[in-house]
Every structure is written in structure tokens, then in C-alpha cells.
Amino acid sequence: MERKSKLYEGKAKILYETDDPTVLLQQFKDDATAFNGKKKGTIANKGYVNNQISAHLYRYLASYFIPTHFLDVISDTEMTVTNLQMIPVEVVVRNIAAGSLLKRSDHKEGDVLPAPLLEYFLKDDAKNDPQITREDILEHELCSEEDLETLSRMALKINAVMKSFWQRRNIKLVDFKLEFGKNKDGKVILGDEISPDTCRFWDATTDEKMDKDRFRQDLGQVEETYENMRRRVFMEDVFESE
Ligand code: TMP
Ligand code: ASP
């Protein structure tokens, strides 16, 4: 698969065209940002870790019949993915109260939510990714009602599948963010990445933060934590293989 021109560069990834118009190359960077780019840094080896973790999770989700854009890992930091027309909505699923939910509710950090909470945010850096409702999504025609229904069901299924995956690795899946797009046949597909950049993971024994919050909150041991999460995914050392 030949890498052609750069299509899009985000804060943590670059998308390139390939010789096949239905396939893109997604490269993971070590760059890290937080608070809509106000805090900037690099996390050594993050590109490698996030590529490996995302690839494994997409393969795992595919085994549960969740369609994802993942095609193949082609280098330490690159994967090929299906070219999708992205829906400009960030879909957040929460199991435990943390992050921005603490500012928008009476929950304290660590409160277990009575049921998984589904939230939608407009993907628009200039507007600071504001929270939006299902009605806003339909009114602004960000996607059809049927697609919204499909991606919402997919997000809750992904949560159920991932919760037990992470439980077996002694990790609490606190919350995570997903992005969806449509393939050339109009089917809703999971895109983007799933990694410690886009999820909150807490060690189930100690409640230690095992994700990008270590960078956001200057908690230290950032690189080591990303590598620890990569090893847990593959159940190296500490865990028996699946
Ligand atoms: P939040 O609590 O800041 O709203 O974040 C919820 C989840 O979404 C958390 O797991 C981190 C992830 N996330 C992203 O992947 N990208 C973002 O830009 C933000 C703000 C959060
Ligand atoms: N990645 C986002 C940014 O740069 C936010 C975050 O993950 O906290 O702002």
C-alpha cells in the first residue's frame, strides 16, 4: 500500500491517501494535547502504543460483529483503514463519573453511574467541541435519525464488549470517546482510534489513572503508563493469555 498525499493532520494522528481511493493510511503521532490544544507535549512511543492498542481493540470488536474502519497494521505507528465520510460528532460513553461530567452534574469523581450514559459533542475545535443533544444533531443534519440510532446502539454495544475485555485485565473502563463515519455503501462504521488518549482507564485494584489524564493533570509516569496499558492489552507478563 503506497502512501500518497496528506489528507488531514489532527492533534494526534495524520491521515494519508493511498493508491486505493477506498483506503487511507492512519499514522499515530507521539504528540499530545489537552484542553483543546492549550496544553501541548509529546509522550515518547505513544504513536506505537496507540497503534497497537487500537488495532487489537478493533480486531476484538470485529469478532463481536462491530464494523470498524481498521484494515491492517503496516508499521509500528501506521495502520490502513477504510476511507469513511466522518460524522462530525464525538460520542462519549460513561460508566463512572469523571472529567467534564463533574462540572455538569452533582456527581463526585468515581461515582458509579446507574446505567451507561451516552453523550454527544460537536466535533468543532473553533467552538470548543460543545455538548449537543440528539435533537441538535438532527436539526443540523449532522446525520440521519436512522444513523444516529445505529451509532448510539453501536456505542452501547462497544461499551458492553470493552467493559469485560478490560475487566479481565484488571482495568475499570471509566469512559471513552468514539467517532463514526459512513463507508461508500452508506453503512455506519466505527472510525478514529480507541486508546489511552480517548478512554479513561483506572486500575481496578488501586483506582490509579492509567490514561491521558496522567498527561492532562501532570501526574507523572506518562510513558510508563501507556506501555503498561499496551502490555495489559496483550496480557504480557502479569496476565495469562486469553
Ligand atoms: P471528558 O470527560 O473530558 O468529556 O472526556 C470524556 C472521554 O472522552 C474521556 O475518556 C476522554 C475522551 N476525550 C477525547 O477522546 N477527546 C477529547 O477531545 C476529549 C475532551 C475527551
Ligand atoms: N485532545 C483534546 C485537545 O487537544 C482534548 C483532550 O483529550 O483532553 O484538546
# chains A, B, ... in the order shown; residues from 1 in each chain; ligands from 1
call {"tool": "residues_near_ligand", "arguments": {"ligand": "ligand 2", "cutoff": "12 Å", "atoms": "only C-alpha atoms and all ligand atoms", "output": "PyMOL selection string"}}
result
chain A and resi 10-13+31-42+90+99-100+123-129+176-177+195-200+211-217
call {"tool": "select_by_dssp", "arguments": {"residues": "stretch 7-232 of chain A", "states": "strand (DSSP E or B)", "output": "MDAnalysis selection string"}}
result
chainID A and resid 7:9 13:18 23:28 31:34 39:42 68 70:75 78:82 85:86 89:96 112:122 131:132 171:178 180:182 188:190 199:203 209
call {"tool": "residues_around", "arguments": {"residues": "stretch 220-237 of chain A", "least_positions_apart": "3", "cutoff": "12 Å", "atoms": "only C-alpha atoms", "output": "ChimeraX atom specification"}}
result
/A:30,32,41-57,60,162,165-171,194-197,199-203,208-217,240-242
call {"tool": "closest_residue", "arguments": {"among": "A:Ala204, A:Leu219, A:Asp106, A:Ala98", "to": "ligand 1", "atoms": "only C-alpha atoms and all ligand atoms"}}
result
A:Ala98
call {"tool": "closest_residue", "arguments": {"among": "A:Leu15, A:Leu102, A:Leu190, A:Leu138", "to": "ligand 1", "atoms": "only C-alpha atoms and all ligand atoms"}}
result
A:Leu102
call {"tool": "atom_distance", "arguments": {"atom1": "atom CA of A:Ile137", "atom2": "atom CA of A:Lys187"}}
result
18.1 Å
call {"tool": "atom_distance", "arguments": {"atom1": "atom CA of A:Arg153", "atom2": "atom CA of A:Gln131"}}
result
19.0 Å
call {"tool": "atom_distance", "arguments": {"atom1": "atom CA of A:Ser5", "atom2": "atom CA of A:Gln85"}}
result
17.8 Å
call {"tool": "select_by_dssp", "arguments": {"residues": "stretch 10-113 of chain A", "states": "alpha helix (DSSP H)", "output": "list of chain:residue names"}}
result
A:Lys46, A:Gly47, A:Tyr48, A:Val49, A:Asn50, A:Asn51, A:Gln52, A:Ile53, A:Ser54, A:Ala55, A:His56, A:Leu57, A:Tyr58, A:Arg59, A:Tyr60, A:Leu61, A:Ala62, A:Leu101, A:Leu102, A:Lys103, A:Arg104
call {"tool": "residues_around", "arguments": {"residues": "stretch 118-120 of chain A", "least_positions_apart": "6", "cutoff": "10 Å", "atoms": "only C-alpha atoms", "output": "compact mmCIF listing (two decimals) with all heavy atoms, in the first residue's frame"}}
result
# COMPACT_ATOMS: atom_id res chain seq x y z
N VAL A 89 -19.41 14.20 15.00
CA VAL A 89 -19.93 14.10 16.37
C VAL A 89 -19.00 13.19 17.17
O VAL A 89 -18.60 12.14 16.68
CB VAL A 89 -21.37 13.49 16.37
CG1 VAL A 89 -21.86 13.24 17.79
CG2 VAL A 89 -22.33 14.41 15.62
N GLU A 90 -18.62 13.63 18.38
CA GLU A 90 -17.87 12.76 19.29
C GLU A 90 -18.89 12.13 20.22
O GLU A 90 -19.67 12.82 20.86
CB GLU A 90 -16.85 13.58 20.08
CG GLU A 90 -15.84 14.28 19.18
CD GLU A 90 -14.63 14.83 19.92
OE1 GLU A 90 -14.72 15.02 21.15
OE2 GLU A 90 -13.61 15.05 19.25
N VAL A 91 -18.90 10.81 20.25
CA VAL A 91 -19.86 10.08 21.08
C VAL A 91 -19.12 9.59 22.32
O VAL A 91 -18.13 8.87 22.20
CB VAL A 91 -20.44 8.87 20.30
CG1 VAL A 91 -21.46 8.14 21.14
CG2 VAL A 91 -21.04 9.34 18.98
N VAL A 92 -19.57 10.03 23.49
CA VAL A 92 -18.91 9.65 24.74
C VAL A 92 -19.82 8.70 25.52
O VAL A 92 -21.02 8.95 25.64
CB VAL A 92 -18.56 10.91 25.59
CG1 VAL A 92 -18.09 10.52 26.98
CG2 VAL A 92 -17.49 11.74 24.88
N VAL A 93 -19.25 7.61 25.99
CA VAL A 93 -19.97 6.67 26.85
C VAL A 93 -19.30 6.72 28.22
O VAL A 93 -18.07 6.66 28.31
CB VAL A 93 -19.91 5.22 26.31
CG1 VAL A 93 -20.77 4.30 27.18
CG2 VAL A 93 -20.37 5.15 24.86
N ARG A 94 -20.12 6.85 29.27
CA ARG A 94 -19.57 6.92 30.63
C ARG A 94 -20.17 5.83 31.53
O ARG A 94 -21.39 5.65 31.54
CB ARG A 94 -19.91 8.27 31.27
CG ARG A 94 -19.34 9.46 30.52
CD ARG A 94 -19.73 10.78 31.19
NE ARG A 94 -19.36 11.91 30.36
CZ ARG A 94 -18.15 12.50 30.39
NH1 ARG A 94 -17.23 12.08 31.22
NH2 ARG A 94 -17.90 13.51 29.58
N ASN A 95 -19.29 5.17 32.28
CA ASN A 95 -19.73 4.19 33.28
C ASN A 95 -19.53 4.71 34.69
O ASN A 95 -20.27 4.36 35.60
CB ASN A 95 -18.94 2.88 33.11
CG ASN A 95 -19.19 2.24 31.76
OD1 ASN A 95 -20.34 1.96 31.41
ND2 ASN A 95 -18.13 2.02 30.98
N LEU A 101 -17.93 15.55 33.10
CA LEU A 101 -19.24 15.28 33.73
C LEU A 101 -19.30 15.89 35.13
O LEU A 101 -20.37 16.31 35.59
CB LEU A 101 -19.49 13.77 33.80
CG LEU A 101 -20.83 13.35 34.41
CD1 LEU A 101 -22.01 13.85 33.57
CD2 LEU A 101 -20.92 11.83 34.58
N ASP A 129 -15.69 22.10 20.91
CA ASP A 129 -16.43 20.83 20.98
C ASP A 129 -17.58 20.84 21.99
O ASP A 129 -17.57 20.09 22.97
CB ASP A 129 -15.46 19.66 21.35
CG ASP A 129 -14.40 19.40 20.28
OD1 ASP A 129 -14.52 19.96 19.18
OD2 ASP A 129 -13.48 18.62 20.56
N PRO A 130 -18.60 21.71 21.78
CA PRO A 130 -19.69 21.80 22.77
C PRO A 130 -20.55 20.55 22.82
O PRO A 130 -20.68 19.84 21.82
CB PRO A 130 -20.52 22.98 22.25
CG PRO A 130 -20.27 23.00 20.78
CD PRO A 130 -18.85 22.55 20.60
N GLN A 131 -21.13 20.29 23.99
CA GLN A 131 -22.07 19.18 24.11
C GLN A 131 -23.33 19.53 23.30
O GLN A 131 -23.77 20.68 23.29
CB GLN A 131 -22.44 18.93 25.57
CG GLN A 131 -23.21 17.63 25.72
CD GLN A 131 -23.60 17.30 27.14
OE1 GLN A 131 -23.59 18.17 28.01
NE2 GLN A 131 -23.95 16.05 27.38
N ILE A 132 -23.88 18.55 22.60
CA ILE A 132 -25.10 18.76 21.83
C ILE A 132 -26.09 17.64 22.12
O ILE A 132 -25.71 16.59 22.63
CB ILE A 132 -24.81 18.84 20.29
CG1 ILE A 132 -23.98 17.63 19.83
CG2 ILE A 132 -24.12 20.14 19.93
CD1 ILE A 132 -23.78 17.56 18.32
N THR A 133 -27.35 17.89 21.80
CA THR A 133 -28.39 16.89 22.04
C THR A 133 -28.65 16.11 20.75
O THR A 133 -28.20 16.50 19.67
CB THR A 133 -29.71 17.57 22.46
OG1 THR A 133 -30.14 18.39 21.36
CG2 THR A 133 -29.53 18.42 23.70
N ARG A 134 -29.43 15.04 20.89
CA ARG A 134 -29.84 14.28 19.69
C ARG A 134 -30.63 15.19 18.74
O ARG A 134 -30.47 15.12 17.52
CB ARG A 134 -30.70 13.09 20.10
CG ARG A 134 -29.93 12.04 20.88
CD ARG A 134 -30.87 11.00 21.46
NE ARG A 134 -31.41 10.14 20.42
CZ ARG A 134 -30.99 8.91 20.15
NH1 ARG A 134 -30.03 8.38 20.88
NH2 ARG A 134 -31.52 8.20 19.19
N ASP A 136 -30.30 18.45 18.40
CA ASP A 136 -29.35 19.34 17.69
C ASP A 136 -28.74 18.61 16.49
O ASP A 136 -28.59 19.19 15.41
CB ASP A 136 -28.18 19.75 18.61
CG ASP A 136 -28.60 20.63 19.77
OD1 ASP A 136 -29.58 21.38 19.62
OD2 ASP A 136 -27.95 20.55 20.84
N ILE A 137 -28.37 17.34 16.71
CA ILE A 137 -27.72 16.55 15.64
C ILE A 137 -28.65 16.45 14.43
O ILE A 137 -28.23 16.65 13.29
CB ILE A 137 -27.33 15.15 16.16
CG1 ILE A 137 -26.22 15.27 17.21
CG2 ILE A 137 -26.90 14.23 15.01
CD1 ILE A 137 -25.84 13.97 17.91
N SER A 152 -25.64 5.05 18.09
CA SER A 152 -25.88 5.05 19.54
C SER A 152 -25.93 3.62 20.07
O SER A 152 -25.35 3.30 21.11
CB SER A 152 -27.18 5.77 19.87
OG SER A 152 -27.13 7.10 19.37
N ARG A 153 -26.64 2.74 19.34
CA ARG A 153 -26.68 1.32 19.72
C ARG A 153 -25.29 0.72 19.66
O ARG A 153 -24.89 -0.06 20.52
CB ARG A 153 -27.58 0.53 18.76
CG ARG A 153 -29.04 0.65 19.05
CD ARG A 153 -29.83 -0.02 17.92
NE ARG A 153 -31.22 0.36 17.97
CZ ARG A 153 -32.13 -0.29 18.71
NH1 ARG A 153 -31.78 -1.32 19.43
NH2 ARG A 153 -33.38 0.11 18.71
N ALA A 155 -22.44 2.25 20.05
CA ALA A 155 -21.62 2.77 21.15
C ALA A 155 -21.91 1.99 22.44
O ALA A 155 -20.98 1.64 23.19
CB ALA A 155 -21.90 4.26 21.35
N LEU A 156 -23.18 1.67 22.70
CA LEU A 156 -23.52 0.94 23.92
C LEU A 156 -23.05 -0.52 23.84
O LEU A 156 -22.62 -1.09 24.83
CB LEU A 156 -25.03 1.03 24.19
CG LEU A 156 -25.51 2.43 24.58
CD1 LEU A 156 -27.02 2.48 24.70
CD2 LEU A 156 -24.85 2.91 25.88
N ASP A 175 -14.72 5.83 31.07
CA ASP A 175 -15.46 6.46 29.97
C ASP A 175 -14.59 6.42 28.72
O ASP A 175 -13.41 6.08 28.79
CB ASP A 175 -15.90 7.91 30.31
CG ASP A 175 -14.73 8.81 30.68
OD1 ASP A 175 -13.63 8.65 30.12
OD2 ASP A 175 -14.91 9.69 31.55
N LYS A 177 -14.42 7.90 24.23
CA LYS A 177 -14.98 8.69 23.12
C LYS A 177 -14.85 7.91 21.82
O LYS A 177 -13.80 7.29 21.56
CB LYS A 177 -14.20 10.01 23.04
CG LYS A 177 -14.67 11.01 22.04
CD LYS A 177 -13.97 11.00 20.71
CE LYS A 177 -12.50 11.27 20.75
NZ LYS A 177 -11.87 11.29 19.42
N LEU A 178 -15.90 7.94 21.02
CA LEU A 178 -15.88 7.24 19.72
C LEU A 178 -16.24 8.23 18.62
O LEU A 178 -16.92 9.23 18.86
CB LEU A 178 -16.92 6.12 19.72
CG LEU A 178 -16.80 5.03 20.78
CD1 LEU A 178 -18.03 4.13 20.76
CD2 LEU A 178 -15.53 4.20 20.58
